[in-house]
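Colleague: After the structure tokens below, expect a handful of questions from me.
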Amino acid sequence: MDRLTQYAETLDTAAIKAEATPQITPVDSAFTVEEAYQVQKLSVDRRLARGERRIGVKMGLTSRAKMLQVGVDEVAWGRLTDAMLVEEGSSLSRAKYVHPRVEPEIAFLMKAPLAGKVTAAAALAAVEAIAPAMEIIDSRFENFKFALEDVVADNTSSSGLVIGPWHSPRQDFSNLGVILEIDGEVVEVGSTAAILGHPLRSLVAAARLVAEAGEQLEAGDIVMAGGITAAPNLSPGQTVRNTVQNLGSVMFQVES
Ligand code: OOG
Ligand code: MG
């Protein structure tokens, strides 16, 4: 088995078992970002071979707050499958994760394919709807510590997503207030402007990055725009809610 296939298997198994695995880059200094994206694809292909279905992509590290929290300052993307969907208003089990965190985000629903170098106007024209959302991220690496290559190989820590009510994108969503609450207490506040200055820039970047991998955004795809604030840890018993100005809110609970 070649080393990239080996990394993909290790990361996929770590996710299934909810057990942390050592970082790759400290022992393989030649590991490149390009190879890391190959590992990501190999690992998600294992999920698809088990019957999971591709539902879209996620952008990561699109805000200063996120870049600072994990010490990686380059935008990255990952692949989403139906098994990662957490029903809005439902409970997830803490035991299925290594060390989960939650990010307030917004999501795009695509109505047309999009790929390559596109303008913001073209990206907007391909959007059916926008929604308040949360991503549950769970690095498979020990201590939630990684370099860019590691986190890309690990499908950018993707673990779950919760989507709130869909709204028309024919509104100004460039600077909407965002409030993340845990058990009714405000733990993070921000603005959709934290996402690269405008969330549409994240969609433009997604179209370019997936095209570099020979893929495209499809009609019906969900695109997660990226965390707006730093991501707090999740623990059993919590009720977590993200409220986005004009878009309403989205919530889930954490069980043991
Ligand atoms: C990497 C994934 C970051 C986001 O929205 O910025 C991400 C991580 O923090 O583990 O999903
Ligand atoms: Mg995210």
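How things are named: the first chain in the structure tokens is A, the next is B, and so on; residues count from 1 in each chain; ligands count from 1 in the order shown.
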Please provide as a PyMOL selection string all residues within 8 Å of Val152 of chain A, with the sequence filter that same-chain residues fewer than 4 positions apart are discarded (counting only C-alpha atoms).

Modeller: chain A and resi 33+36-37+40+76-78+148+156

Colleague: Please report, as a list in words, each residue of segment 83-180 of chain A to which DSSP assigns helix (DSSP H, G or I) when run on this structure's backbone.

Modeller: Ala83, Met84, Arg94, Ala95, Lys96, Ala120, Ala121, Ala122, Ala123, Leu124, Ala125, Glu142, Asn143, Phe144, Leu148, Glu149, Asp150, Val151, Val152, Ala153, Asn155, Thr156 and Ser157 of chain A

Colleague: Considering only C-alpha atoms and all ligand atoms, state which residue in the set A:Ser63, A:Asn242, A:Ser91, A:Gln253 is at the smallest distance from ligand 2.

Modeller: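 Using only C-alpha atoms and all ligand atoms, ligand 2 sits closest to A:Ser63.
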
Colleague: Can you tell me, as a ChimeraX atom specification, which residues in segment 23-84 of chain A count as strand (DSSP E or B) by DSSP?

Modeller: /A:54-60,76-81

Colleague: What would the file look like if the residues just selected were written as a short mmCIF file (atom, residue, chain, number, x, y, z; two decimals), in the first residue's frame with N, CA, C and O atoms?

Modeller:
data_model
loop_
_atom_site.label_atom_id
_atom_site.label_comp_id
_atom_site.auth_asym_id
_atom_site.auth_seq_id
_atom_site.Cartn_x
_atom_site.Cartn_y
_atom_site.Cartn_z
N ARG A 54 -22.27 11.94 -1.54
CA ARG A 54 -21.71 13.30 -1.56
C ARG A 54 -22.84 14.33 -1.53
O ARG A 54 -23.81 14.19 -2.28
N ILE A 55 -22.77 15.34 -0.65
CA ILE A 55 -23.82 16.36 -0.60
C ILE A 55 -23.29 17.77 -0.82
O ILE A 55 -24.05 18.72 -0.82
N GLY A 56 -21.98 17.93 -1.00
CA GLY A 56 -21.44 19.26 -1.24
C GLY A 56 -20.05 19.41 -0.67
O GLY A 56 -19.34 18.41 -0.46
N VAL A 57 -19.66 20.64 -0.43
CA VAL A 57 -18.31 20.91 0.08
C VAL A 57 -18.35 21.94 1.19
O VAL A 57 -19.34 22.66 1.36
N LYS A 58 -17.28 21.99 1.95
CA LYS A 58 -17.12 23.00 2.99
C LYS A 58 -15.85 23.78 2.77
O LYS A 58 -14.83 23.22 2.36
N MET A 59 -15.95 25.06 3.05
CA MET A 59 -14.75 25.88 3.05
C MET A 59 -14.31 26.02 4.51
O MET A 59 -15.13 26.08 5.42
N GLY A 60 -13.01 26.09 4.73
CA GLY A 60 -12.49 26.23 6.09
C GLY A 60 -11.40 27.28 6.13
O GLY A 60 -10.78 27.60 5.11
N ALA A 76 -8.88 26.42 3.05
CA ALA A 76 -8.84 25.02 2.62
C ALA A 76 -10.28 24.55 2.39
O ALA A 76 -11.22 25.22 2.82
N TRP A 77 -10.43 23.43 1.74
CA TRP A 77 -11.80 22.92 1.54
C TRP A 77 -11.86 21.44 1.84
O TRP A 77 -10.84 20.75 1.91
N GLY A 78 -13.10 20.98 2.05
CA GLY A 78 -13.30 19.57 2.35
C GLY A 78 -14.59 19.09 1.72
O GLY A 78 -15.34 19.87 1.13
N ARG A 79 -14.82 17.79 1.83
CA ARG A 79 -15.97 17.16 1.17
C ARG A 79 -17.01 16.75 2.21
O ARG A 79 -16.66 16.20 3.26
N LEU A 80 -18.28 16.99 1.89
CA LEU A 80 -19.38 16.68 2.79
C LEU A 80 -20.17 15.47 2.29
O LEU A 80 -20.41 15.36 1.09
N THR A 81 -20.56 14.59 3.22
CA THR A 81 -21.43 13.46 2.85
C THR A 81 -22.70 13.49 3.70
O THR A 81 -22.75 14.14 4.75
#

Colleague: List the spatial neighbours of Ala131 of chain A as a list in words - criterion: any atom at most 7 Å away, only C-alpha atoms, same-chain residues fewer than 5 positions off excluded.

Modeller: Ile106, Ala107, Phe108, Ile163, Gly164, Pro165, Trp166, His167 and Leu247 of chain A

Colleague: Filtering to all heavy atoms, could you give me those residues as a PDB file, in the first residue's frame?

Modeller:
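Saved result, again-v9.pdb, follows:
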ATOM      1  N   ILE A 106     -22.685  30.128   7.680  1.00  0.00           N
ATOM      2  CA  ILE A 106     -23.862  30.137   6.836  1.00  0.00           C
ATOM      3  C   ILE A 106     -23.590  29.150   5.701  1.00  0.00           C
ATOM      4  O   ILE A 106     -22.431  28.847   5.381  1.00  0.00           O
ATOM      5  CB  ILE A 106     -24.256  31.534   6.285  1.00  0.00           C
ATOM      6  CG1 ILE A 106     -23.229  32.093   5.327  1.00  0.00           C
ATOM      7  CG2 ILE A 106     -24.541  32.516   7.414  1.00  0.00           C
ATOM      8  CD1 ILE A 106     -23.798  33.255   4.499  1.00  0.00           C
ATOM      9  N   ALA A 107     -24.693  28.637   5.129  1.00  0.00           N
ATOM     10  CA  ALA A 107     -24.587  27.649   4.060  1.00  0.00           C
ATOM     11  C   ALA A 107     -25.255  28.181   2.808  1.00  0.00           C
ATOM     12  O   ALA A 107     -26.231  28.936   2.880  1.00  0.00           O
ATOM     13  CB  ALA A 107     -25.259  26.351   4.489  1.00  0.00           C
ATOM     14  N   PHE A 108     -24.706  27.782   1.670  1.00  0.00           N
ATOM     15  CA  PHE A 108     -25.327  28.056   0.373  1.00  0.00           C
ATOM     16  C   PHE A 108     -25.942  26.759  -0.148  1.00  0.00           C
ATOM     17  O   PHE A 108     -25.355  25.686   0.017  1.00  0.00           O
ATOM     18  CB  PHE A 108     -24.267  28.496  -0.658  1.00  0.00           C
ATOM     19  CG  PHE A 108     -23.592  29.796  -0.354  1.00  0.00           C
ATOM     20  CD1 PHE A 108     -22.301  29.825   0.177  1.00  0.00           C
ATOM     21  CD2 PHE A 108     -24.234  31.003  -0.612  1.00  0.00           C
ATOM     22  CE1 PHE A 108     -21.661  31.029   0.447  1.00  0.00           C
ATOM     23  CE2 PHE A 108     -23.595  32.212  -0.346  1.00  0.00           C
ATOM     24  CZ  PHE A 108     -22.316  32.229   0.186  1.00  0.00           C
ATOM     25  N   ILE A 163     -28.192  22.497   9.366  1.00  0.00           N
ATOM     26  CA  ILE A 163     -28.662  23.574   8.483  1.00  0.00           C
ATOM     27  C   ILE A 163     -29.998  24.098   8.997  1.00  0.00           C
ATOM     28  O   ILE A 163     -30.909  23.317   9.285  1.00  0.00           O
ATOM     29  CB  ILE A 163     -28.844  23.040   7.036  1.00  0.00           C
ATOM     30  CG1 ILE A 163     -27.575  22.351   6.532  1.00  0.00           C
ATOM     31  CG2 ILE A 163     -29.281  24.166   6.092  1.00  0.00           C
ATOM     32  CD1 ILE A 163     -26.464  23.268   6.126  1.00  0.00           C
ATOM     33  N   GLY A 164     -30.133  25.412   9.088  1.00  0.00           N
ATOM     34  CA  GLY A 164     -31.381  26.052   9.507  1.00  0.00           C
ATOM     35  C   GLY A 164     -32.258  26.384   8.309  1.00  0.00           C
ATOM     36  O   GLY A 164     -32.073  25.834   7.222  1.00  0.00           O
ATOM     37  N   PRO A 165     -33.203  27.289   8.507  1.00  0.00           N
ATOM     38  CA  PRO A 165     -34.169  27.602   7.442  1.00  0.00           C
ATOM     39  C   PRO A 165     -33.531  28.283   6.230  1.00  0.00           C
ATOM     40  O   PRO A 165     -32.710  29.184   6.373  1.00  0.00           O
ATOM     41  CB  PRO A 165     -35.161  28.552   8.125  1.00  0.00           C
ATOM     42  CG  PRO A 165     -34.438  29.092   9.313  1.00  0.00           C
ATOM     43  CD  PRO A 165     -33.484  28.042   9.749  1.00  0.00           C
ATOM     44  N   TRP A 166     -33.916  27.820   5.048  1.00  0.00           N
ATOM     45  CA  TRP A 166     -33.393  28.409   3.811  1.00  0.00           C
ATOM     46  C   TRP A 166     -34.116  29.716   3.505  1.00  0.00           C
ATOM     47  O   TRP A 166     -35.313  29.833   3.714  1.00  0.00           O
ATOM     48  CB  TRP A 166     -33.564  27.443   2.629  1.00  0.00           C
ATOM     49  CG  TRP A 166     -32.691  26.235   2.728  1.00  0.00           C
ATOM     50  CD1 TRP A 166     -33.086  24.951   2.983  1.00  0.00           C
ATOM     51  CD2 TRP A 166     -31.264  26.179   2.580  1.00  0.00           C
ATOM     52  NE1 TRP A 166     -32.001  24.102   2.992  1.00  0.00           N
ATOM     53  CE2 TRP A 166     -30.870  24.834   2.752  1.00  0.00           C
ATOM     54  CE3 TRP A 166     -30.262  27.136   2.329  1.00  0.00           C
ATOM     55  CZ2 TRP A 166     -29.554  24.409   2.680  1.00  0.00           C
ATOM     56  CZ3 TRP A 166     -28.941  26.714   2.252  1.00  0.00           C
ATOM     57  CH2 TRP A 166     -28.593  25.378   2.424  1.00  0.00           C
ATOM     58  N   HIS A 167     -33.365  30.687   2.985  1.00  0.00           N
ATOM     59  CA  HIS A 167     -33.894  32.009   2.636  1.00  0.00           C
ATOM     60  C   HIS A 167     -33.416  32.390   1.246  1.00  0.00           C
ATOM     61  O   HIS A 167     -32.383  31.914   0.782  1.00  0.00           O
ATOM     62  CB  HIS A 167     -33.362  33.075   3.609  1.00  0.00           C
ATOM     63  CG  HIS A 167     -33.885  32.931   4.989  1.00  0.00           C
ATOM     64  ND1 HIS A 167     -34.968  33.626   5.458  1.00  0.00           N
ATOM     65  CD2 HIS A 167     -33.462  32.152   5.999  1.00  0.00           C
ATOM     66  CE1 HIS A 167     -35.191  33.282   6.711  1.00  0.00           C
ATOM     67  NE2 HIS A 167     -34.297  32.397   7.069  1.00  0.00           N
ATOM     68  N   LEU A 247     -31.860  35.755   9.128  1.00  0.00           N
ATOM     69  CA  LEU A 247     -31.951  34.377   8.635  1.00  0.00           C
ATOM     70  C   LEU A 247     -32.511  33.404   9.674  1.00  0.00           C
ATOM     71  O   LEU A 247     -32.714  32.227   9.370  1.00  0.00           O
ATOM     72  CB  LEU A 247     -30.578  33.869   8.158  1.00  0.00           C
ATOM     73  CG  LEU A 247     -29.879  34.664   7.055  1.00  0.00           C
ATOM     74  CD1 LEU A 247     -28.588  33.963   6.638  1.00  0.00           C
ATOM     75  CD2 LEU A 247     -30.783  34.868   5.844  1.00  0.00           C
TER      76      LEU A 247
END

Colleague: Please report as a Markdown table every residue of chain A lying within 10 Å of ligand 1, along with the nearest atom pair and their distance in Å (one decimal), using only C-alpha atoms and all ligand atoms.

Modeller:
| residue | atom | partner | partner_atom_place_in_ligand_line | distance |
| --- | --- | --- | --- | --- |
| A:Lys58 | CA | ligand 1 | 11 (O) | 7.0 |
| A:Met59 | CA | ligand 1 | 5 (O) | 6.1 |
| A:Gly60 | CA | ligand 1 | 4 (C) | 3.4 |
| A:Leu61 | CA | ligand 1 | 6 (O) | 3.6 |
| A:Thr62 | CA | ligand 1 | 6 (O) | 5.6 |
| A:Ser63 | CA | ligand 1 | 6 (O) | 6.6 |
| A:Arg64 | CA | ligand 1 | 6 (O) | 9.1 |
| A:Ala65 | CA | ligand 1 | 6 (O) | 8.5 |
| A:Lys66 | CA | ligand 1 | 6 (O) | 5.2 |
| A:Met67 | CA | ligand 1 | 6 (O) | 7.2 |
| A:Leu68 | CA | ligand 1 | 9 (O) | 9.6 |
| A:Gln69 | CA | ligand 1 | 9 (O) | 7.3 |
| A:Val70 | CA | ligand 1 | 9 (O) | 5.8 |
| A:Gly71 | CA | ligand 1 | 9 (O) | 9.0 |
| A:Val72 | CA | ligand 1 | 1 (C) | 8.4 |
| A:Glu74 | CA | ligand 1 | 6 (O) | 9.9 |
| A:Val75 | CA | ligand 1 | 6 (O) | 8.0 |
| A:Ala76 | CA | ligand 1 | 2 (C) | 7.8 |
| A:Trp77 | CA | ligand 1 | 11 (O) | 8.1 |
| A:Gly78 | CA | ligand 1 | 11 (O) | 8.3 |
| A:Pro100 | CA | ligand 1 | 10 (O) | 9.3 |
| A:Arg101 | CA | ligand 1 | 10 (O) | 8.3 |
| A:Val102 | CA | ligand 1 | 11 (O) | 9.0 |
| A:Glu103 | CA | ligand 1 | 5 (O) | 6.4 |
| A:Pro104 | CA | ligand 1 | 5 (O) | 8.2 |
| A:Glu105 | CA | ligand 1 | 5 (O) | 7.2 |
| A:Ile106 | CA | ligand 1 | 5 (O) | 9.9 |
| A:Met134 | CA | ligand 1 | 5 (O) | 9.0 |
| A:Glu135 | CA | ligand 1 | 11 (O) | 6.9 |
| A:Ile136 | CA | ligand 1 | 11 (O) | 8.0 |
| A:Ile137 | CA | ligand 1 | 10 (O) | 5.8 |
| A:Asp138 | CA | ligand 1 | 10 (O) | 6.4 |
| A:Ser139 | CA | ligand 1 | 10 (O) | 5.4 |
| A:Arg140 | CA | ligand 1 | 10 (O) | 9.0 |
| A:Phe141 | CA | ligand 1 | 10 (O) | 9.4 |
| A:Phe144 | CA | ligand 1 | 10 (O) | 7.0 |
| A:Lys145 | CA | ligand 1 | 10 (O) | 8.4 |
| A:Phe146 | CA | ligand 1 | 10 (O) | 8.3 |
| A:Ala147 | CA | ligand 1 | 1 (C) | 9.9 |
| A:Leu148 | CA | ligand 1 | 1 (C) | 8.8 |
| A:Asp150 | CA | ligand 1 | 1 (C) | 9.9 |
| A:Val151 | CA | ligand 1 | 1 (C) | 6.3 |
| A:Val152 | CA | ligand 1 | 1 (C) | 8.2 |
| A:Asp154 | CA | ligand 1 | 10 (O) | 8.9 |
| A:Asn155 | CA | ligand 1 | 2 (C) | 8.3 |
| A:Thr156 | CA | ligand 1 | 2 (C) | 4.6 |
| A:Ser157 | CA | ligand 1 | 10 (O) | 4.7 |
| A:Ser158 | CA | ligand 1 | 11 (O) | 6.5 |
| A:Ser159 | CA | ligand 1 | 11 (O) | 9.3 |
| A:Ile195 | CA | ligand 1 | 6 (O) | 9.1 |
| A:Met224 | CA | ligand 1 | 5 (O) | 7.7 |
| A:Ala225 | CA | ligand 1 | 5 (O) | 7.0 |
| A:Gly226 | CA | ligand 1 | 5 (O) | 3.4 |
| A:Gly227 | CA | ligand 1 | 5 (O) | 3.5 |
| A:Ile228 | CA | ligand 1 | 5 (O) | 7.2 |
| A:Thr229 | CA | ligand 1 | 6 (O) | 8.5 |
| A:Ala230 | CA | ligand 1 | 6 (O) | 8.4 |
| A:Ala231 | CA | ligand 1 | 9 (O) | 7.5 |

Colleague: Restricting the calculation to only C-alpha atoms and all ligand atoms: of A:Ala126, A:Gly214, A:Val187, A:Gly160, which residue gets closest to ligand 2?

Modeller: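 Of A:Ala126, A:Gly214, A:Val187, A:Gly160, the one nearest ligand 2, counting only C-alpha atoms and all ligand atoms, is A:Gly160.
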
Colleague: So, with only C-alpha atoms as the atoms that count, which of A:Asp183, A:Glu188, A:Glu149, A:Glu128 lies closest to Phe31 of chain A?

Modeller: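 For Phe31 of chain A, the nearest of the candidates is A:Glu149.
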
Colleague: Here is a test: counting only C-alpha atoms, which residue of A:Val240, A:Val39, A:Val210, A:Val27 is nearest to Glu185 of chain A?

Modeller: A:Val240

Colleague: Counting only C-alpha atoms and all ligand atoms, which residue out of A:Ala153, A:Leu209, A:Ala133, A:Val186 sits closest to ligand 2?

Modeller: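 Nearest candidate to ligand 2 out of A:Ala153, A:Leu209, A:Ala133, A:Val186: A:Ala133.
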
Colleague: Excluding Gly184 of chain A and residues on its chain fewer than 5 positions from it, collect all residues at most 10 Å away from it, counting only C-alpha atoms, and give them as a compact mmCIF listing (two decimals) with C-alpha atoms, in the first residue's frame.

Modeller:
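Generated file (part-v4.txt):
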# COMPACT_ATOMS: atom_id res chain seq x y z
CA GLN A 238 -25.18 21.52 26.02
CA THR A 239 -27.83 23.22 23.88
CA VAL A 240 -26.11 25.08 21.03
CA ARG A 241 -27.75 27.76 18.91

Colleague: Write out as a ChimeraX atom specification the residues lying within 6 Å of Thr243 of chain A, counting only C-alpha atoms and excluding same-chain residues fewer than 6 positions away.

Modeller: /A:178-179,249

Colleague: Would you mind listing what lies within 7 Å of Gln245 of chain A as a list in words, with only C-alpha atoms counted and same-chain residues fewer than 3 positions away left out?

Modeller: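 Everything that qualifies: Leu176, Gly177, Val178 and Gly248 of chain A.
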
Colleague: So what do you get for atom CA of Lys96 of chain A versus atom CA of Lys17 of chain A, distance-wise?

Modeller: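 Computing it gives 7.8 Å between the two atoms.
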
Colleague: A:His198, A:Arg170, A:Lys117, A:Arg46: which is nearest Gln216 of chain A, counting only C-alpha atoms?

Modeller: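 Smallest separation from Gln216 of chain A among the options: A:Lys117.
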
Colleague: Mind pulling up the distance from atom CA of Ala14 of chain A to atom CA of Glu88 of chain A?

Modeller: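 Computing the Euclidean distance for atom CA of Glu88 of chain A and atom CA of Ala14 of chain A yields 25.9 Å.
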